[in-house]
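Visitor: Below is a structure I'd like to ask you about.
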Amino acid sequence: GNFRQWMIQKRRFSAFGYEVEMSASEICGHASFGMLAISYAESDMLALRAFAIASIGSMMAFNYWHPVGFPLWLPFRWNALFLAINLLWVGDLYYKSRMSWIDSKVNLDEVHRHVFPSLQKTDFASLMKTAVSEEYTKGTELTKENALNDKVFLIVNGKVTVTKGGKPLYNLTTCQFVGTLGVHTSLYIDKSMSSTEVTSRTLRCLVWSKDDLARAVEGNSRLLAAVDAALSIDELRKTFA
């Protein structure tokens with residue numbers, strides 16, 4: 001048809017000071033390899049998949065309106081399968097990046113920016129998938145001195161006071177952790193050495209079980225490094241509180 005003729009018709013134009021003769025179909029072929037090369041330089045998984053989809057789509061156009069004058073069905077069909085697989089991956093990554101399973105009252109951008117800044121959004125979403133959003137009222141004890149505690153709390157909004165032997169030690173607020181004893185040293189300490197009481201009217205936290213948090217970072221060096229860094233910085237903040 002007319003469109004096929006337009007796609008395979010050679011045209012002469014200037015590029016970077018050179019005279020080039022090329023069809024629209026051939027431009028799609030070159031664009032495909034160019035975007036594939038760019039994808040190799042991408043570390044963000046969502047961007048990588050997006051470049052892969054654009055590359056595959058361009059190659060399918062080249063296969064269908066091939067300069068030989070007829071479609072190359074074998075590579076076209078394989079590329080269609082690869083396109084479908086990448087679209088499914090992008091849908092899954094987009095769902096994870098939205099993190100819709102976390103309460104909308106939690107400012108996840110703030111948590112990402114201030115607590116886990118080194119993580120890409122997909123890794124951050126993997127970590128958040130193991131957390132739950134909880135709200136507590138004034139007077140609630142998150143931890144009790146010498147009592148069992150298998151949870152790690154990250155304060156999203158509100159304030160708590162940490163005490164030991166009935167004496168106040170320090171206050172904790174937004175983007176600080178509670179119940180992390182032994183977590184970043186890979187020691188499982190199931191008893192709390194201090195008590196932590198909610199002193200604001202309400203407290204919003206992201207909560208992990210210590211087992212779930214350990215499983216989330218196991219085998220993922222990026223998550224392990226980010227969690228260790230966050231907990232180490234938090235310990236320093238407590239030291240100088």
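Letters A, B, ... mark the chains of the structure tokens in the order given; residue numbers begin at 1 per chain; ligand numbers begin at 1, in order shown.
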Taking the backbone alone, and naming residues the way the document does, which bits of segment 59-217 of chain A are strand (DSSP E or B) by DSSP, as a ChimeraX atom specification?
Guide: /A:132-137,141-143,148,151-157,160-164,167-172,177-178,191,195-198,202-209
Visitor: Would you list the contacts of Gln120 of chain A as a VMD selection string, taking every protein, DNA or RNA residue within 9 Å and counting only C-alpha atoms, but skipping same-chain residues closer than 6 positions in sequence?
Guide: chain A and resid 43 to 45
Visitor: Figure out the distance between atom CA of Phe33 of chain A and atom CA of Tyr18 of chain A, please, to one decimal in Å.
Guide: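 Atom CA of Tyr18 of chain A sits 20.6 Å away from atom CA of Phe33 of chain A.
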Visitor: So, counting only C-alpha atoms, which residue among A:Phe3, A:Phe240, A:Phe124, A:Tyr136 is closest to Val217 of chain A?
Guide: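 Checking each of A:Phe3, A:Phe240, A:Phe124, A:Tyr136 against Val217 of chain A, counting only C-alpha atoms, the winner is A:Phe124.
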Visitor: Counting only C-alpha atoms, which residue out of A:Thr163, A:Phe177, A:Asn157, A:Met60 sits closest to Arg237 of chain A?
Guide: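 Looking at the shortest contact to Arg237 of chain A, the residue is A:Phe177.
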Visitor: Counting only C-alpha atoms, which of A:Lys121, A:Arg77, A:Lys10, A:His66 gets nearest to Leu223 of chain A?
Guide: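 Once distances to Leu223 of chain A are computed over only C-alpha atoms, the minimum belongs to A:Lys121.
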Visitor: Measuring atom to atom with only C-alpha atoms, identify which of A:Phe153, A:Phe76, A:Phe116, A:Phe51 is nearest to Ala37 of chain A.
Guide: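 Ranking A:Phe153, A:Phe76, A:Phe116, A:Phe51 by distance to Ala37 of chain A, first place goes to A:Phe51.
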Visitor: Using only C-alpha atoms, which residue out of A:Leu88, A:Ala80, A:Cys175, A:Val111 lies closest to Ile233 of chain A?
Guide: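 Checking each candidate against Ile233 of chain A, we get A:Cys175 as the closest.
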Visitor: List the neighbours of segment 20-25 of chain A out to 8 Å using only C-alpha atoms; skip same-chain residues closer than 6 positions along the sequence, and give me the result as number ranges by chain.
Guide: A: 6-14, 61-62, 65-67
Visitor: Considering only C-alpha atoms, state which residue in the set A:Leu148, A:Leu181, A:Val90, A:Met59 is at the smallest distance from Pro75 of chain A.
Guide: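 Using only C-alpha atoms, the shortest distance to Pro75 of chain A belongs to A:Met59.
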Visitor: What does the distance from atom CA of Phe70 of chain A to atom CA of Arg4 of chain A come to in Å, to one decimal?
Guide: 9.1 Å
Visitor: Determine, counting only C-alpha atoms, which protein, DNA and RNA residues have an atom within 8 Å of an atom of Ala54 of chain A; residues of the same chain fewer than 4 positions away are not included. Present the result as a list in words.
Guide: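 In the requested format, the answer is Ser32, Met35, Ala50 and Ser58 of chain A.
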